[in-house]
Each structure stands twice: as C-alpha cells, then as structure tokens.
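S.K.: What follows is work29.txt, made up of compact mmCIF, C-alpha atoms:
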```
# COMPACT_ATOMS: atom_id res chain seq x y z
CA MET A 1 0.00 0.00 0.00
CA LEU A 2 3.03 2.25 -0.08
CA PRO A 3 2.16 3.59 -3.58
CA VAL A 4 -1.20 4.72 -2.16
CA ALA A 5 0.57 6.57 0.66
CA ARG A 6 3.01 8.11 -1.83
CA TRP A 7 0.10 9.43 -3.90
CA MET A 8 -1.61 10.80 -0.78
CA MET A 9 1.53 12.69 0.23
CA ARG A 10 1.79 14.52 -3.09
CA GLY A 11 -0.12 17.36 -1.48
CA THR A 12 -2.91 18.33 0.89
CA PRO A 13 -5.67 18.06 -1.77
CA HIS A 14 -4.66 14.48 -2.54
CA ALA A 15 -4.54 13.48 1.13
CA ALA A 16 -7.81 15.26 1.96
CA ALA A 17 -9.63 13.66 -0.96
CA GLY A 18 -8.28 10.22 -0.13
CA ALA A 19 -9.15 10.52 3.55
CA ALA A 20 -12.67 11.78 2.80
CA VAL A 21 -13.45 9.06 0.25
CA ALA A 22 -12.04 6.27 2.44
CA THR A 23 -13.93 7.41 5.54
CA ALA A 24 -17.17 7.75 3.59
CA ILE A 25 -17.05 4.13 2.40
CA PRO A 26 -18.32 1.55 4.91
CA TRP A 27 -15.51 -0.48 6.53
CA LEU A 28 -12.80 1.66 4.92
CA PHE A 29 -12.73 4.20 7.74
CA TRP A 30 -9.44 2.69 8.92
CA LEU A 31 -7.77 3.82 5.70
CA GLY A 32 -9.02 7.39 6.15
CA ALA A 33 -7.84 7.38 9.77
CA ALA A 34 -4.42 6.08 8.70
CA VAL A 35 -4.11 8.82 6.07
CA ALA A 36 -4.97 11.48 8.67
CA GLY A 37 -2.41 9.91 11.00
CA LEU A 38 0.27 9.86 8.30
CA VAL A 39 -0.17 13.55 7.44
CA THR A 40 -0.20 14.47 11.14
CA LEU A 41 2.98 12.50 11.79
CA ARG A 42 4.70 14.13 8.86
CA HIS A 43 3.51 17.75 9.08
CA GLY A 44 2.05 18.27 12.56
CA LEU A 45 -1.46 19.06 13.75
CA ALA A 46 -1.88 22.59 12.37
CA ALA A 47 -0.79 21.76 8.83
CA SER A 48 -2.88 18.56 8.87
CA LEU A 49 -6.21 20.15 9.86
CA PRO A 50 -7.64 20.15 6.31
CA VAL A 51 -6.99 16.42 6.01
CA ILE A 52 -8.31 15.69 9.51
CA ILE A 53 -11.48 17.66 8.82
CA ALA A 54 -11.90 15.91 5.46
CA ALA A 55 -11.75 12.55 7.27
CA ALA A 56 -13.93 13.70 10.17
CA VAL A 57 -16.84 15.10 8.12
CA PRO A 58 -17.97 11.79 6.55
CA ALA A 59 -17.12 10.02 9.82
CA GLY A 60 -19.39 12.51 11.59
CA TRP A 61 -22.15 11.71 9.13
CA TRP A 62 -21.80 8.02 10.02
CA TRP A 63 -22.20 9.05 13.67
CA THR A 64 -25.54 10.66 12.85
CA GLN A 65 -26.54 7.30 11.35
CA GLY A 66 -25.72 5.54 14.62
CA ASP A 67 -22.14 4.41 13.94
CA VAL A 68 -19.62 6.28 16.09
CA ILE A 69 -16.69 3.96 15.37
CA PRO A 70 -15.28 5.80 12.29
CA LEU A 71 -15.20 9.22 13.98
CA ALA A 72 -13.84 7.87 17.26
CA SER A 73 -11.12 6.01 15.36
CA VAL A 74 -10.06 9.10 13.41
CA LEU A 75 -9.89 11.21 16.57
CA LEU A 76 -7.88 8.61 18.50
CA VAL A 77 -5.43 8.10 15.64
CA VAL A 78 -4.86 11.86 15.30
CA LEU A 79 -4.41 12.26 19.06
CA MET A 80 -1.87 9.45 19.28
CA ALA A 81 -0.09 10.71 16.15
CA VAL A 82 0.28 14.16 17.72
CA VAL A 83 1.75 12.64 20.89
CA LEU A 84 4.02 10.28 18.97
CA ARG A 85 5.32 13.10 16.77
CA ALA A 86 6.00 15.34 19.77
CA ARG A 87 7.38 12.76 22.21
CA LEU A 88 8.76 10.06 19.89
CA ARG A 89 7.55 7.40 22.34
CA TRP A 90 4.93 4.84 21.40
CA SER A 91 4.23 4.15 25.05
CA GLU A 92 3.15 7.73 25.71
CA ALA A 93 0.98 7.75 22.58
CA LEU A 94 -0.71 4.56 23.80
CA LEU A 95 -1.32 6.10 27.23
CA ALA A 96 -2.94 9.12 25.59
CA GLY A 97 -5.16 6.89 23.46
CA THR A 98 -6.15 4.83 26.50
CA LEU A 99 -7.16 7.91 28.50
CA ALA A 100 -9.15 9.29 25.58
CA GLY A 101 -10.90 5.96 25.06
CA ALA A 102 -11.78 5.78 28.76
CA ALA A 103 -13.21 9.29 28.59
CA MET A 104 -15.38 8.24 25.64
CA ILE A 105 -16.74 5.31 27.66
CA GLN A 106 -17.59 7.55 30.61
CA LEU A 107 -19.32 9.99 28.28
CA ASP A 108 -21.45 7.14 26.83
CA ILE A 109 -20.16 7.90 23.34
CA PHE A 110 -20.36 4.25 22.35
CA LEU A 111 -23.88 3.54 23.57
CA PRO A 112 -26.30 2.70 20.75
CA PRO A 113 -29.17 5.13 20.01
CA GLY A 114 -31.78 4.68 22.70
CA GLY A 115 -29.28 3.27 25.18
CA ALA A 116 -28.85 -0.34 26.23
CA GLY A 117 -32.55 -0.90 27.04
CA PRO A 118 -33.66 -1.92 23.52
CA VAL A 119 -30.68 -4.26 23.22
CA LEU A 120 -31.58 -5.96 26.50
CA GLU A 121 -35.18 -6.33 25.40
CA GLN A 122 -34.09 -8.04 22.19
CA LEU A 123 -31.86 -10.38 24.17
CA ARG A 124 -34.72 -11.24 26.54
CA GLN A 125 -37.03 -12.04 23.64
CA GLY A 126 -34.40 -14.02 21.76
CA SER A 127 -33.13 -16.25 24.57
CA PRO A 128 -35.01 -17.56 27.62
CA ASP A 129 -31.68 -18.35 29.30
CA ILE A 130 -30.49 -14.75 28.99
CA ALA A 131 -33.88 -13.50 30.19
CA ALA A 132 -33.58 -15.72 33.29
CA MET A 133 -30.03 -14.54 33.93
CA LEU A 134 -31.05 -10.88 33.65
CA ALA A 135 -33.98 -11.47 35.97
CA GLU A 136 -31.66 -13.05 38.53
CA LEU A 137 -29.27 -10.10 38.32
CA SER A 138 -32.18 -7.72 38.84
CA ARG A 139 -33.28 -9.66 41.94
CA GLN A 140 -29.75 -9.23 43.29
CA GLY A 141 -30.15 -5.47 43.05
CA MET A 142 -28.04 -4.89 39.96
CA ASP A 143 -29.00 -2.31 37.35
CA THR A 144 -28.93 -4.58 34.30
CA GLU A 145 -29.37 -1.72 31.85
CA GLN A 146 -26.41 0.18 33.29
CA LEU A 147 -24.32 -3.01 33.35
CA ALA A 148 -25.21 -3.78 29.73
CA GLY A 149 -24.42 -0.21 28.70
CA LEU A 150 -21.01 -0.42 30.35
CA LEU A 151 -20.31 -3.76 28.66
CA ILE A 152 -21.35 -2.48 25.22
CA SER A 153 -19.32 0.70 25.64
CA GLY A 154 -16.27 -1.15 26.95
CA VAL A 155 -16.18 -3.74 24.18
CA THR A 156 -16.73 -1.10 21.49
CA ALA A 157 -14.05 1.17 22.97
CA LEU A 158 -11.62 -1.75 23.08
CA ILE A 159 -12.22 -2.51 19.41
CA VAL A 160 -11.88 1.17 18.48
CA LEU A 161 -8.65 1.60 20.46
CA LEU A 162 -7.08 -1.51 18.96
CA ALA A 163 -8.15 -0.39 15.48
CA ALA A 164 -6.70 3.07 16.13
CA VAL A 165 -3.39 1.56 17.25
CA ALA A 166 -3.31 -0.55 14.08
CA CYS A 167 -4.08 2.53 11.95
CA LEU A 168 -1.31 4.49 13.67
CA ALA A 169 1.11 1.61 13.06
CA LEU A 170 0.10 1.59 9.40
CA ALA A 171 0.63 5.36 9.18
CA ARG A 172 4.01 5.11 10.91
CA GLY A 173 4.99 2.28 8.58
CA TRP A 174 4.04 4.41 5.57
CA GLN A 175 6.03 7.32 6.94
CA ALA A 176 9.09 5.12 7.42
CA GLY A 177 8.69 3.54 3.99
CA LEU A 178 8.53 6.95 2.32
CA TYR A 179 11.08 8.90 4.32
CA ASN A 180 13.03 6.58 6.66
CA PRO A 181 13.20 2.96 5.42
CA GLY A 182 13.49 0.52 8.31
CA GLY A 183 12.75 3.18 10.91
CA PHE A 184 9.37 1.82 11.96
CA ARG A 185 10.69 -1.71 12.41
CA GLU A 186 13.46 -0.49 14.68
CA GLU A 187 11.09 1.79 16.60
CA PHE A 188 8.40 -0.85 17.15
CA HIS A 189 10.88 -3.59 18.06
CA GLY A 190 12.19 -1.30 20.79
CA LEU A 191 8.78 -0.44 22.25
CA ARG A 192 8.81 -1.07 26.00
CA LEU A 193 6.90 0.52 28.86
CA ALA A 194 9.00 2.45 31.35
CA PRO A 195 8.34 1.72 35.05
CA ARG A 196 6.66 5.11 35.49
CA GLU A 197 4.33 4.40 32.57
CA LEU A 198 3.44 1.00 34.02
CA ALA A 199 2.76 2.78 37.34
CA VAL A 200 0.37 5.14 35.55
CA LEU A 201 -1.60 2.16 34.22
CA VAL A 202 -1.77 0.59 37.68
CA VAL A 203 -2.93 3.89 39.19
CA LEU A 204 -5.62 4.20 36.52
CA GLY A 205 -6.93 0.75 37.38
CA VAL A 206 -6.93 1.51 41.12
CA LEU A 207 -8.63 4.87 40.65
CA GLY A 208 -11.26 3.25 38.49
CA ALA A 209 -12.08 0.80 41.27
CA VAL A 210 -11.96 3.36 44.10
CA LEU A 211 -13.87 6.14 42.33
CA ALA A 212 -16.38 3.80 40.67
CA LEU A 213 -15.10 4.79 37.21
CA PRO A 214 -14.72 1.37 35.59
CA ALA A 215 -13.81 2.89 32.24
CA LEU A 216 -10.38 3.79 33.63
CA GLY A 217 -9.55 0.16 34.20
CA MET A 218 -11.26 -1.37 31.17
CA LEU A 219 -8.62 -0.16 28.69
CA ALA A 220 -5.58 0.14 30.96
CA TRP A 221 -4.18 -3.20 29.80
CA VAL A 222 -4.06 -2.26 26.10
CA PRO A 223 -0.67 -0.44 26.20
CA LEU A 224 0.77 -3.45 28.03
CA LEU A 225 -0.62 -5.77 25.35
CA VAL A 226 0.92 -3.71 22.55
CA ALA A 227 4.24 -3.65 24.42
CA GLY A 228 4.04 -7.44 24.70
CA ILE A 229 3.41 -7.76 20.97
CA ALA A 230 6.40 -5.50 20.31
CA LEU A 231 8.47 -7.70 22.62
CA VAL A 232 7.64 -10.77 20.54
CA HIS A 233 8.43 -8.91 17.30
CA GLY A 234 11.72 -7.68 18.72
CA PHE A 235 12.74 -11.10 20.03
CA ILE A 236 11.99 -12.81 16.71
CA GLY A 237 13.84 -10.03 14.87
CA LEU A 238 16.94 -10.28 17.09
CA LYS A 239 16.99 -14.05 16.75
CA GLY A 240 16.53 -13.87 12.97
CA MET A 241 13.67 -16.37 13.19
CA ASN A 242 11.33 -17.24 10.34
CA GLY A 243 8.32 -14.98 9.85
CA LEU A 244 6.02 -17.99 10.28
CA TRP A 245 6.67 -17.70 14.00
CA LEU A 246 4.87 -14.34 13.93
CA VAL A 247 1.97 -15.90 12.04
CA ALA A 248 1.69 -18.63 14.66
CA PHE A 249 1.94 -16.05 17.44
CA TYR A 250 -0.93 -13.96 16.07
CA VAL A 251 -3.10 -17.02 15.50
CA LEU A 252 -2.64 -18.00 19.15
CA LEU A 253 -3.12 -14.42 20.32
CA ILE A 254 -6.43 -14.07 18.50
CA THR A 255 -7.83 -17.50 19.35
CA THR A 256 -6.69 -18.17 22.94
CA TRP A 257 -7.12 -16.07 26.08
CA PRO A 258 -4.17 -17.71 27.88
CA MET A 259 -1.85 -16.38 25.17
CA ILE A 260 -3.06 -12.85 25.87
CA LEU A 261 -2.32 -13.31 29.57
CA ILE A 262 1.16 -14.65 28.77
CA VAL A 263 1.89 -11.64 26.55
CA LEU A 264 0.69 -9.24 29.25
CA LEU A 265 2.84 -10.95 31.88
CA ALA A 266 5.88 -10.95 29.58
CA ALA A 267 5.45 -7.22 28.89
CA PHE A 268 5.09 -6.54 32.62
CA ILE A 269 8.32 -8.38 33.43
CA ASP A 270 10.10 -6.81 30.44
CA THR A 271 9.47 -3.37 31.91
CA PHE A 272 12.04 -4.23 34.57
CA ALA A 273 14.10 -6.99 32.93
CA ASP A 274 14.59 -5.52 29.40
CA PHE A 275 14.84 -8.88 27.63
CA ARG A 276 15.73 -7.37 24.25
CA GLY A 277 18.51 -5.25 25.71
CA ARG A 278 20.01 -8.29 27.41
CA LEU A 279 19.69 -10.37 24.23
CA ALA A 280 21.30 -7.64 22.11
CA ARG A 281 24.24 -7.35 24.52
CA SER A 282 24.74 -11.12 24.53
CA HIS A 283 25.17 -11.00 20.77
```
What's the structure tokens form of this structure?
M.R.:
Amino acid sequence: MLPVARWMMRGTPHAAAGAAVATAIPWLFWLGAAVAGLVTLRHGLAASLPVIIAAAVPAGWWWTQGDVIPLASVLLVVLMAVVLRARLRWSEALLAGTLAGAAMIQLDIFLPPGGAGPVLEQLRQGSPDIAAMLAELSRQGMDTEQLAGLLISGVTALIVLLAAVACLALARGWQAGLYNPGGFREEFHGLRLAPRELAVLVVLGVLGAVLALPALGMLAWVPLLVAGIALVHGFIGLKGMNGLWLVAFYVLLITTWPMILIVLLAAFIDTFADFRGRLARSH
C-alpha cells in the first residue's frame, strides 16, 4: 500500500480527498484514519487540519446514522499521532489513546441510540436463558441496563482503540517507507513501557475501582498488550527467526485467552528486565 501513501503525500488536496473518500465508504474508515495519521505524523497538527477535517466530516455523518466507530477512530489516531510526533515514544501515545478511550466510555459515546434498554429487550425475547439470567441479576439489586451499557461501551471502545493503534502503526509504517526505510521496524521492536508508565496504568486501574469509574480500568491493559506484541516482534527479529513464528503467534493471540495473559505478563516483566537489551548485549 506504499504507492497509495506516496500518492496521498503529493499534497494536501490528494490526502484530503483520499481521507474523505475512504472514511465515507463503509468499513474503509481505517484507511481514512491512517491517512490522517500519516499527514499528522509528517507535518504536525496545524498543517494537517484540512486532512483531519476531510476525514472527520464523513465520519461525523456516520455518527448521525448511529455508527460512532469511524469518527472515534479518526480522533484517537490523530491524538496518538500528535503525541508520537512530539514525544517520539509509542508508550506515551498509547497512554494518551487509552485515557481518551476511557473518557469516551464515561461519556457514553459508544452507547447505541436509545441506550442499552432496547438491546436488553431483544436479548430477553431471543433467549429464555439470557432472560432468566437478567432477571436473577435484577433480583440481586443490579442495574442490568447500566451493566449492559457499560459492557457495550467497553467492548466497542476496546475494538476502536485496537483499530486506532493498528491505523497508527500503518501510518508510521508508511512514513518510514517513504522517508526513513526501516525506521518503523526499529522503533516498534524497541517499544517497551517504562516503570513510570506502568505505574500510571496501575494507578488508573486503582482509581477506576476506588472512584467507581470502571472505564479507567477497562482499557488500561491495552498499552501493556501492545508492548508485549512489540516484545515478541523484537525477540523474533533479534533471533533472525522465520516470519512464520509471527503468524503462529498472532493465531494463538487471537484465538486463545491464555496467550493474551502470557503476553501481558511478559510485557510486565520486560518493563524491569529488558529482555531485548540483554539479548542484544549477549550477541
């Protein structure tokens, strides 16, 4: 897709047109978000506003139709691109995206039109087992509509944040391919959370529990997951292993929950142990 990125970077009109068309087409919003991220990474926020607006306008129209995912994705990608350009640290960009995603959950941005009530009613009518479970939760004093709304918002925010991270990675890869070949690979392979950044994630989770703001804790593990994925990429790269190992890794990551837990634990330990640094020194 590098030729597409090269065409987009011929000028602001090209990038704006490409971002607008991509975001207007269903299920191509990720391409428009990546284009907005690429221009932001390359030229900064102020110079990229025409492209960001061009991507946001059709995404905003989709929001009026009940689909907030395209607009939320564009905004998260641009935010993380601004932080990454300014700070040159993926970990800080991920923290910014996580905080923004949590804010969107708390603001009920991801709730469907009409709230969670109609969704619960459909579930009750479609499955007697779910209806019985919801009735039992209500007897226990739980607000099932609020719980369902939090679940819907949390799952949607997780999908949006992961999609935004993927779009930012695509944009950074384009930028490296056009202007700094090999730069993205080196940058991503070196991604590792600093102890203070890990502490911020822990504090977010604790505050979410103490202040009854569950959104703070629902996304706090995403930066750790991305750092774990980067650890695997870096390890395979340093060892010169076959790319099929990465294919196998992603298959396991997508299909098995234990693999996700292993990656999170590895990233947590790597914050203090720096496995890649030790491996590089041993070579």
S.K.: Of the residues A:Gly177, A:Gly228, A:Gly243, A:Gly183, which is the one nearest to Leu2 in chain A, using all atoms listed in the file?
M.R.: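 Residue with the minimum atom-to-atom distance to Leu2 in chain A: A:Gly177.
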S.K.: Between A:Ala5, A:Ala36, A:Val21, A:Met218, which one has atoms that come closest to Ala102 in chain A, using all atoms listed in the file?
M.R.: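 Looking at the shortest contact to Ala102 in chain A, the residue is A:Met218.
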S.K.: Ser48 in chain A: which residues within 9 Å, counting only C-alpha atoms, same-chain residues fewer than 4 positions away excluded, as a JSON list (two decimals) with C-alpha atoms, in the frame of the given file?
M.R.:
```json
[["chain", "number", "residue", "atom", "x", "y", "z"],
["A", 12, "THR", "CA", -2.91, 18.33, 0.89],
["A", 36, "ALA", "CA", -4.97, 11.48, 8.67],
["A", 37, "GLY", "CA", -2.41, 9.91, 11.00],
["A", 39, "VAL", "CA", -0.17, 13.55, 7.44],
["A", 40, "THR", "CA", -0.20, 14.47, 11.14],
["A", 41, "LEU", "CA", 2.98, 12.50, 11.79],
["A", 42, "ARG", "CA", 4.70, 14.13, 8.86],
["A", 43, "HIS", "CA", 3.51, 17.75, 9.08],
["A", 44, "GLY", "CA", 2.05, 18.27, 12.56],
["A", 52, "ILE", "CA", -8.31, 15.69, 9.51],
["A", 53, "ILE", "CA", -11.48, 17.66, 8.82]]
```
S.K.: What's the separation between CA of Leu161 in chain A and CA of Ala100 in chain A, in Å to one decimal place?
M.R.: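 Value for the CA of Leu161 in chain A-CA of Ala100 in chain A distance: 9.3 Å.
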S.K.: Have a look at A:Ala46, A:Ala93, A:Ala17, A:Gly149 and name the one nearest to Pro58 in chain A; count only C-alpha atoms.
M.R.: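 Using only C-alpha atoms, Pro58 in chain A sits closest to A:Ala17.
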S.K.: Identify which of the residues A:Leu84, A:Arg278, A:Thr144, A:Leu178 lies closest to Trp7 in chain A, counting all atoms listed in the file when measuring atom-to-atom distances.
M.R.: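 With all atoms listed in the file as the atom set, the closest residue is A:Leu178.
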S.K.: Here is a test: counting all atoms listed in the file, which residue of A:Arg85, A:His14, A:His189, A:Arg196 is nearest to Gly277 in chain A?
M.R.: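 Once distances to Gly277 in chain A are computed over all atoms listed in the file, the minimum belongs to A:His189.
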S.K.: Provide the CA of Trp174 in chain A to CA of Gly190 in chain A distance in Å, to one decimal place.
M.R.: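 Atom-to-atom, CA of Trp174 in chain A to CA of Gly190 in chain A, that is 18.2 Å.
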S.K.: Env of Ala148 in chain A: 9 Å cut, atoms = all atoms listed in the file, seq-sep filter 3 positions within chain, self excluded. Answer as a PDB file with C-alpha atoms, in the frame of the given file.
M.R.:
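Dumped everything to out-v4.pdb:
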```
ATOM      1  CA  ALA A 116     -28.850  -0.340  26.230  1.00  0.00           C
ATOM      2  CA  GLY A 117     -32.550  -0.900  27.040  1.00  0.00           C
ATOM      3  CA  VAL A 119     -30.680  -4.260  23.220  1.00  0.00           C
ATOM      4  CA  LEU A 120     -31.580  -5.960  26.500  1.00  0.00           C
ATOM      5  CA  ASP A 143     -29.000  -2.310  37.350  1.00  0.00           C
ATOM      6  CA  THR A 144     -28.930  -4.580  34.300  1.00  0.00           C
ATOM      7  CA  GLU A 145     -29.370  -1.720  31.850  1.00  0.00           C
ATOM      8  CA  LEU A 151     -20.310  -3.760  28.660  1.00  0.00           C
ATOM      9  CA  ILE A 152     -21.350  -2.480  25.220  1.00  0.00           C
ATOM     10  CA  SER A 153     -19.320   0.700  25.640  1.00  0.00           C
TER      11      SER A 153
END
```
S.K.: Could you name the residues that touch Val74 in chain A at 12 Å or less, counting only C-alpha atoms, but leaving out those on the same chain fewer than 2 positions away, as a ChimeraX atom specification?
M.R.: /A:19-20,22-23,28-38,40,51-60,68-72,76-81,97,160-161,163-168
S.K.: With distances taken over all atoms listed in the file, which of A:Val251, A:Ala227, A:Leu244, A:Val206 is nearest to Ile269 in chain A?
M.R.: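 Using all atoms listed in the file, Ile269 in chain A sits closest to A:Ala227.
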S.K.: If I put a ball of radius 12 Å at (13.9, -13.2, 19.1) in the file's coordinates, which residues poke into it when counting only C-alpha atoms, written as a list in words?
M.R.: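 Result, sorted by chain then residue number: His189, Ile229, Ala230, Leu231, Val232, His233, Gly234, Phe235, Ile236, Gly237, Leu238, Lys239, Gly240, Met241, Asn242, Gly243, Trp245, Leu246, Phe275, Arg276, Gly277, Arg278, Leu279, Ala280 and His283 of chain A.
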S.K.: Taking (-15.4, -0.8, 38.3) in the file's coordinates, which residues come within 12 Å, counting all atoms listed in the file, written as an MDAnalysis selection string?
M.R.: chainID A and resid 106 147 150:151 154 204:219
S.K.: Please dump the current selection as a short mmCIF file (atom, residue, chain, number, x, y, z; two decimals), keeping the file's coordinate frame; keep C-alpha atoms.
M.R.:
```
data_model
loop_
_atom_site.label_atom_id
_atom_site.label_comp_id
_atom_site.auth_asym_id
_atom_site.auth_seq_id
_atom_site.Cartn_x
_atom_site.Cartn_y
_atom_site.Cartn_z
CA GLN A 106 -17.59 7.55 30.61
CA LEU A 147 -24.32 -3.01 33.35
CA LEU A 150 -21.01 -0.42 30.35
CA LEU A 151 -20.31 -3.76 28.66
CA GLY A 154 -16.27 -1.15 26.95
CA LEU A 204 -5.62 4.20 36.52
CA GLY A 205 -6.93 0.75 37.38
CA VAL A 206 -6.93 1.51 41.12
CA LEU A 207 -8.63 4.87 40.65
CA GLY A 208 -11.26 3.25 38.49
CA ALA A 209 -12.08 0.80 41.27
CA VAL A 210 -11.96 3.36 44.10
CA LEU A 211 -13.87 6.14 42.33
CA ALA A 212 -16.38 3.80 40.67
CA LEU A 213 -15.10 4.79 37.21
CA PRO A 214 -14.72 1.37 35.59
CA ALA A 215 -13.81 2.89 32.24
CA LEU A 216 -10.38 3.79 33.63
CA GLY A 217 -9.55 0.16 34.20
CA MET A 218 -11.26 -1.37 31.17
CA LEU A 219 -8.62 -0.16 28.69
#
```
S.K.: One decimal, in Å: what's the spacing between CA of Gly18 in chain A and CA of Leu94 in chain A?
M.R.: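 Between CA of Gly18 in chain A and CA of Leu94 in chain A the gap is 25.7 Å.
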S.K.: Identify, on the basis of all atoms listed in the file, every residue whose closest approach to Phe184 in chain A does not exceed 6 Å; exclude the query and any residue fewer than 4 positions from it along the same chain; express the result as a PyMOL selection string.
M.R.: chain A and resi 173+176+188
